[in-house]
Amino acid sequence: MAEILFLVHRAPWPPDRGDRIRSWHMFEALTKLAPMHVAALADNGADAALAREKMAPLCASLCIEVRDVSRPIALAQAVLRGEPVSNHLFKNAALAQHVGKLLLSGRITHIVAFSGQMAQYLPERFNGPVIMDFVDVDSAKFATYAEQDKRQPLHWVHAREARKLGAFEAEIARRADASLFVSEAEAALFRERSGLGTDRVHTVENGIDTDRFDPAVQLKPVGAGEGPLAVFTGQMDYRPNIDAVRWFAADILPLIRAHHHEACFAIVGRAPTDEVRALEKLPGVIVTGEVPDVRPWLAAADAVVAPLLLARGVQNKLLEAMAMARPVVASAAAAEGIDAIPGEHLRVADDAQGIADAVRAIFDDPIGASQMGAAARGRMIARYGWDARMAPLSNLLGIGA
């Protein structure tokens, strides 16, 4: 009888951030195929407790350990051992011991690892299918950081991580039966870097729950001023999100407010850094911090913006906004992974003036904005249902649903 080991770098409940949304739906899909053994990490004890309560009844076994390695220590250990820093940030002796015992029991017939950091827990040899969901090409992200930070003191850290992680990703992919990526662009990039073909490197896209993210759902309204509202959602201690909102608040919002004097910009997401909090000092900027539900803010938005300078894969924030029938303005990087037509389902622009003009056009034409939002929702329903997105797992694992 098949039994699956699911290795995941953040326990997937609650599915309230991009990585946990994907891993939760993957977990749900896998539970329909075979009994599940989950070995996961959590960022803190509260997250671990929430996940245990929800997931334990759904698992044959569940181990969640709280990771406690600081970045400076992880960097020092990685340099000493010639390994990627990313791996050391998610290294946990107790979890490794648990996984080792579980594999020795002989019960595990299939392994699915979510996020490259969990590849370190894979056995050297395993007599069964191994699926590695890298999600994105993380080494390429660090290469971009290194290019952007050439004049910064820690430029060498990102350059080193790009090299070490790239080599590790390729090594793991050669051992795995299949490697998954969230978009065809990411999969194609990895095929080019690793030398592996389409038989080993696959695209499994993200989806969206269009029943939950539905503009017809009655939601408690939020207070966000009297003028038109632009909204950004995301994890606000994540560097690409920080850079995006700083750019929008400092350079783009003033261009919009020159024509719409009362326009506001709401930054909605957990763990805002001090530099994000400081943006509230700028005219029209709102920083909410963590909210129990992003949907009321999406519903209140006259435009949802994603001015990401660096983005990999499919942006869940855009899928959610489009499913809520909101008009979206995104950078080309943010929009790249989404199968939608610029000008019909969303607007795409890359410079400050272009993004400001696109947002202003939405504010000035509410009927046209509503039509674009409706088209976006129709696209999400037709293209991005989670069941359809996760369907390839059955064939890749060789287990009938």
# chains A, B, ... in the order shown; residues from 1 in each chain; ligands from 1
call {"tool": "select_by_dssp", "arguments": {"residues": "segment 281-330 of chain A", "states": "helix (DSSP H, G or I)", "output": "list in words"}}
result
Lys281, Arg295, Pro296, Trp297, Leu298, Ala299, Ala300, Asn316, Lys317, Leu318, Leu319, Glu320, Ala321, Met322 and Ala323 of chain A
call {"tool": "residues_around", "arguments": {"residues": "Ser179 of chain A", "least_positions_apart": "5", "cutoff": "8 Å", "atoms": "only C-alpha atoms", "output": "MDAnalysis selection string"}}
result
chainID A and resid 131:134 173 200:202
call {"tool": "write_last_selection", "arguments": {"atoms": "N, CA and C atoms", "output": "PDB file, in the first residue's frame"}}
result
ATOM      1  N   ILE A 131       9.496  13.242  -5.708  1.00  0.00           N
ATOM      2  CA  ILE A 131       9.090  14.465  -6.401  1.00  0.00           C
ATOM      3  C   ILE A 131       9.640  15.654  -5.629  1.00  0.00           C
ATOM      4  N   MET A 132      10.332  16.544  -6.334  1.00  0.00           N
ATOM      5  CA  MET A 132      10.909  17.739  -5.722  1.00  0.00           C
ATOM      6  C   MET A 132      10.200  18.973  -6.278  1.00  0.00           C
ATOM      7  N   ASP A 133       9.417  19.643  -5.440  1.00  0.00           N
ATOM      8  CA  ASP A 133       8.769  20.887  -5.864  1.00  0.00           C
ATOM      9  C   ASP A 133       9.652  22.066  -5.448  1.00  0.00           C
ATOM     10  N   PHE A 134      10.447  22.552  -6.391  1.00  0.00           N
ATOM     11  CA  PHE A 134      11.297  23.704  -6.119  1.00  0.00           C
ATOM     12  C   PHE A 134      10.488  24.999  -6.064  1.00  0.00           C
ATOM     13  N   ALA A 173      17.922  17.733  -8.468  1.00  0.00           N
ATOM     14  CA  ALA A 173      17.050  17.441  -9.609  1.00  0.00           C
ATOM     15  C   ALA A 173      17.491  16.186 -10.345  1.00  0.00           C
ATOM     16  N   ARG A 200      11.838  15.371 -17.085  1.00  0.00           N
ATOM     17  CA  ARG A 200      12.240  15.417 -15.674  1.00  0.00           C
ATOM     18  C   ARG A 200      11.846  16.727 -14.989  1.00  0.00           C
ATOM     19  N   VAL A 201      11.617  17.769 -15.758  1.00  0.00           N
ATOM     20  CA  VAL A 201      11.315  19.092 -15.194  1.00  0.00           C
ATOM     21  C   VAL A 201       9.939  19.524 -15.691  1.00  0.00           C
ATOM     22  N   HIS A 202       9.015  19.725 -14.769  1.00  0.00           N
ATOM     23  CA  HIS A 202       7.613  19.936 -15.121  1.00  0.00           C
ATOM     24  C   HIS A 202       7.087  21.242 -14.523  1.00  0.00           C
TER      25      HIS A 202
END
call {"tool": "atom_distance", "arguments": {"atom1": "atom CA of Ser86 of chain A", "atom2": "atom CA of Asp47 of chain A"}}
result
20.4 Å
call {"tool": "closest_residue", "arguments": {"among": "A:Ala49, A:Ile208, A:Ile341, A:Ala258", "to": "Arg383 of chain A", "atoms": "only C-alpha atoms"}}
result
A:Ile208
call {"tool": "select_by_dssp", "arguments": {"residues": "segment 240-352 of chain A", "states": "strand (DSSP E)", "output": "ChimeraX atom specification"}}
result
/A:264-268,285-289,303-306,328-330,347-348
call {"tool": "residues_around", "arguments": {"residues": "Pro57 of chain A", "least_positions_apart": "3", "cutoff": "12 Å", "atoms": "only C-alpha atoms", "output": "VMD selection string"}}
result
chain A and resid 31 35 to 38 51 to 54 60 to 62
call {"tool": "residues_around", "arguments": {"residues": "segment 14-23 of chain A", "least_positions_apart": "3", "cutoff": "6 Å", "atoms": "only C-alpha atoms", "output": "PyMOL selection string"}}
result
chain A and resi 26-27+316
call {"tool": "closest_residue", "arguments": {"among": "A:Gly373, A:Gly400, A:Gly234, A:Pro228", "to": "Asp214 of chain A", "atoms": "only C-alpha atoms"}}
result
A:Gly373
call {"tool": "residues_around", "arguments": {"residues": "Pro366 of chain A", "least_positions_apart": "3", "cutoff": "12 Å", "atoms": "only C-alpha atoms", "output": "list in words"}}
result
Pro228, Ala301, Asp302, Ala303, Arg326, Pro327, Val359, Arg360, Ala361, Ile362, Phe363, Ala369, Ser370, Gln371, Met372 and Gly373 of chain A
call {"tool": "residues_around", "arguments": {"residues": "Arg389 of chain A", "least_positions_apart": "5", "cutoff": "9 Å", "atoms": "only C-alpha atoms", "output": "short mmCIF file (atom, residue, chain, number, x, y, z; two decimals) with N, CA and C atoms, in the first residue's frame"}}
result
data_model
loop_
_atom_site.label_atom_id
_atom_site.label_comp_id
_atom_site.auth_asym_id
_atom_site.auth_seq_id
_atom_site.Cartn_x
_atom_site.Cartn_y
_atom_site.Cartn_z
N VAL A 204 3.90 22.85 -12.65
CA VAL A 204 2.64 22.67 -11.92
C VAL A 204 2.30 24.04 -11.34
N GLU A 205 1.36 24.71 -11.97
CA GLU A 205 1.08 26.09 -11.63
C GLU A 205 0.29 26.23 -10.34
N ASN A 206 0.32 27.42 -9.78
CA ASN A 206 -0.56 27.76 -8.66
C ASN A 206 -1.99 27.93 -9.15
N GLY A 207 -2.92 27.82 -8.22
CA GLY A 207 -4.32 28.05 -8.52
C GLY A 207 -4.91 29.08 -7.58
N ARG A 383 -9.18 29.13 -15.76
CA ARG A 383 -7.78 28.69 -15.92
C ARG A 383 -7.11 28.20 -14.64
N TYR A 384 -7.58 28.63 -13.46
CA TYR A 384 -6.74 28.45 -12.27
C TYR A 384 -7.41 27.72 -11.10
#
call {"tool": "residues_around", "arguments": {"residues": "Ala159 of chain A", "least_positions_apart": "4", "cutoff": "9 Å", "atoms": "only C-alpha atoms", "output": "PDB file with C-alpha atoms, in the first residue's frame"}}
result
ATOM      1  CA  PHE A 142      19.988  35.323  -5.447  1.00  0.00           C
ATOM      2  CA  ALA A 143      21.848  36.005  -8.689  1.00  0.00           C
ATOM      3  CA  THR A 144      19.495  38.942  -9.268  1.00  0.00           C
ATOM      4  CA  TYR A 145      20.066  40.174  -5.713  1.00  0.00           C
ATOM      5  CA  ALA A 146      23.811  40.000  -6.293  1.00  0.00           C
ATOM      6  CA  GLU A 147      23.517  42.000  -9.505  1.00  0.00           C
ATOM      7  CA  HIS A 155      27.099  41.501  -2.228  1.00  0.00           C
ATOM      8  CA  ARG A 163      26.503  29.617  -7.076  1.00  0.00           C
ATOM      9  CA  LYS A 164      26.162  27.170  -4.193  1.00  0.00           C
TER      10      LYS A 164
END
call {"tool": "closest_residue", "arguments": {"among": "A:Glu275, A:His260, A:Gly100, A:Phe265", "to": "Asp243 of chain A", "atoms": "only C-alpha atoms"}}
result
A:Glu275
call {"tool": "closest_residue", "arguments": {"among": "A:Leu310, A:Val157, A:Ala216, A:Leu103", "to": "Ala78 of chain A", "atoms": "only C-alpha atoms"}}
result
A:Val157
call {"tool": "atom_distance", "arguments": {"atom1": "atom CA of His25 of chain A", "atom2": "atom CA of Ala39 of chain A"}}
result
16.1 Å
call {"tool": "atom_distance", "arguments": {"atom1": "atom CA of Asp350 of chain A", "atom2": "atom CA of Ala332 of chain A"}}
result
6.2 Å
call {"tool": "decode", "arguments": {"residues": "segment 363-381 of chain A", "atoms": "N, CA and C atoms", "output": "PDB file, in the first residue's frame"}}
result
ATOM      1  N   PHE A 363      -8.782  54.692 -12.103  1.00  0.00           N
ATOM      2  CA  PHE A 363      -9.552  55.592 -11.236  1.00  0.00           C
ATOM      3  C   PHE A 363     -10.521  56.454 -12.056  1.00  0.00           C
ATOM      4  N   ASP A 364     -10.095  56.864 -13.261  1.00  0.00           N
ATOM      5  CA  ASP A 364     -10.885  57.773 -14.092  1.00  0.00           C
ATOM      6  C   ASP A 364     -12.015  57.070 -14.845  1.00  0.00           C
ATOM      7  N   ASP A 365     -11.947  55.756 -14.953  1.00  0.00           N
ATOM      8  CA  ASP A 365     -12.921  55.010 -15.757  1.00  0.00           C
ATOM      9  C   ASP A 365     -13.460  53.818 -14.969  1.00  0.00           C
ATOM     10  N   PRO A 366     -14.334  54.058 -13.999  1.00  0.00           N
ATOM     11  CA  PRO A 366     -14.831  52.955 -13.171  1.00  0.00           C
ATOM     12  C   PRO A 366     -15.586  51.890 -13.958  1.00  0.00           C
ATOM     13  N   ILE A 367     -16.269  52.277 -15.033  1.00  0.00           N
ATOM     14  CA  ILE A 367     -16.990  51.279 -15.820  1.00  0.00           C
ATOM     15  C   ILE A 367     -15.993  50.357 -16.530  1.00  0.00           C
ATOM     16  N   GLY A 368     -14.991  50.954 -17.160  1.00  0.00           N
ATOM     17  CA  GLY A 368     -13.967  50.146 -17.807  1.00  0.00           C
ATOM     18  C   GLY A 368     -13.206  49.283 -16.805  1.00  0.00           C
ATOM     19  N   ALA A 369     -12.943  49.838 -15.611  1.00  0.00           N
ATOM     20  CA  ALA A 369     -12.247  49.081 -14.563  1.00  0.00           C
ATOM     21  C   ALA A 369     -13.081  47.882 -14.131  1.00  0.00           C
ATOM     22  N   SER A 370     -14.398  48.087 -14.011  1.00  0.00           N
ATOM     23  CA  SER A 370     -15.290  46.987 -13.624  1.00  0.00           C
ATOM     24  C   SER A 370     -15.307  45.902 -14.693  1.00  0.00           C
ATOM     25  N   GLN A 371     -15.287  46.304 -15.947  1.00  0.00           N
ATOM     26  CA  GLN A 371     -15.275  45.329 -17.033  1.00  0.00           C
ATOM     27  C   GLN A 371     -13.972  44.529 -17.038  1.00  0.00           C
ATOM     28  N   MET A 372     -12.846  45.202 -16.781  1.00  0.00           N
ATOM     29  CA  MET A 372     -11.574  44.487 -16.703  1.00  0.00           C
ATOM     30  C   MET A 372     -11.573  43.514 -15.530  1.00  0.00           C
ATOM     31  N   GLY A 373     -12.113  43.947 -14.385  1.00  0.00           N
ATOM     32  CA  GLY A 373     -12.186  43.071 -13.228  1.00  0.00           C
ATOM     33  C   GLY A 373     -13.025  41.840 -13.505  1.00  0.00           C
ATOM     34  N   ALA A 374     -14.159  42.024 -14.183  1.00  0.00           N
ATOM     35  CA  ALA A 374     -15.024  40.887 -14.517  1.00  0.00           C
ATOM     36  C   ALA A 374     -14.310  39.926 -15.463  1.00  0.00           C
ATOM     37  N   ALA A 375     -13.584  40.481 -16.430  1.00  0.00           N
ATOM     38  CA  ALA A 375     -12.826  39.629 -17.350  1.00  0.00           C
ATOM     39  C   ALA A 375     -11.735  38.856 -16.616  1.00  0.00           C
ATOM     40  N   ALA A 376     -11.094  39.519 -15.640  1.00  0.00           N
ATOM     41  CA  ALA A 376     -10.047  38.870 -14.852  1.00  0.00           C
ATOM     42  C   ALA A 376     -10.612  37.701 -14.056  1.00  0.00           C
ATOM     43  N   ARG A 377     -11.768  37.907 -13.421  1.00  0.00           N
ATOM     44  CA  ARG A 377     -12.370  36.823 -12.657  1.00  0.00           C
ATOM     45  C   ARG A 377     -12.743  35.655 -13.575  1.00  0.00           C
ATOM     46  N   GLY A 378     -13.295  35.959 -14.731  1.00  0.00           N
ATOM     47  CA  GLY A 378     -13.623  34.893 -15.670  1.00  0.00           C
ATOM     48  C   GLY A 378     -12.402  34.091 -16.061  1.00  0.00           C
ATOM     49  N   ARG A 379     -11.265  34.790 -16.213  1.00  0.00           N
ATOM     50  CA  ARG A 379     -10.023  34.095 -16.554  1.00  0.00           C
ATOM     51  C   ARG A 379      -9.575  33.176 -15.425  1.00  0.00           C
ATOM     52  N   MET A 380      -9.700  33.650 -14.196  1.00  0.00           N
ATOM     53  CA  MET A 380      -9.306  32.838 -13.044  1.00  0.00           C
ATOM     54  C   MET A 380     -10.160  31.573 -12.941  1.00  0.00           C
ATOM     55  N   ILE A 381     -11.462  31.714 -13.123  1.00  0.00           N
ATOM     56  CA  ILE A 381     -12.361  30.561 -13.035  1.00  0.00           C
ATOM     57  C   ILE A 381     -12.019  29.540 -14.116  1.00  0.00           C
TER      58      ILE A 381
END
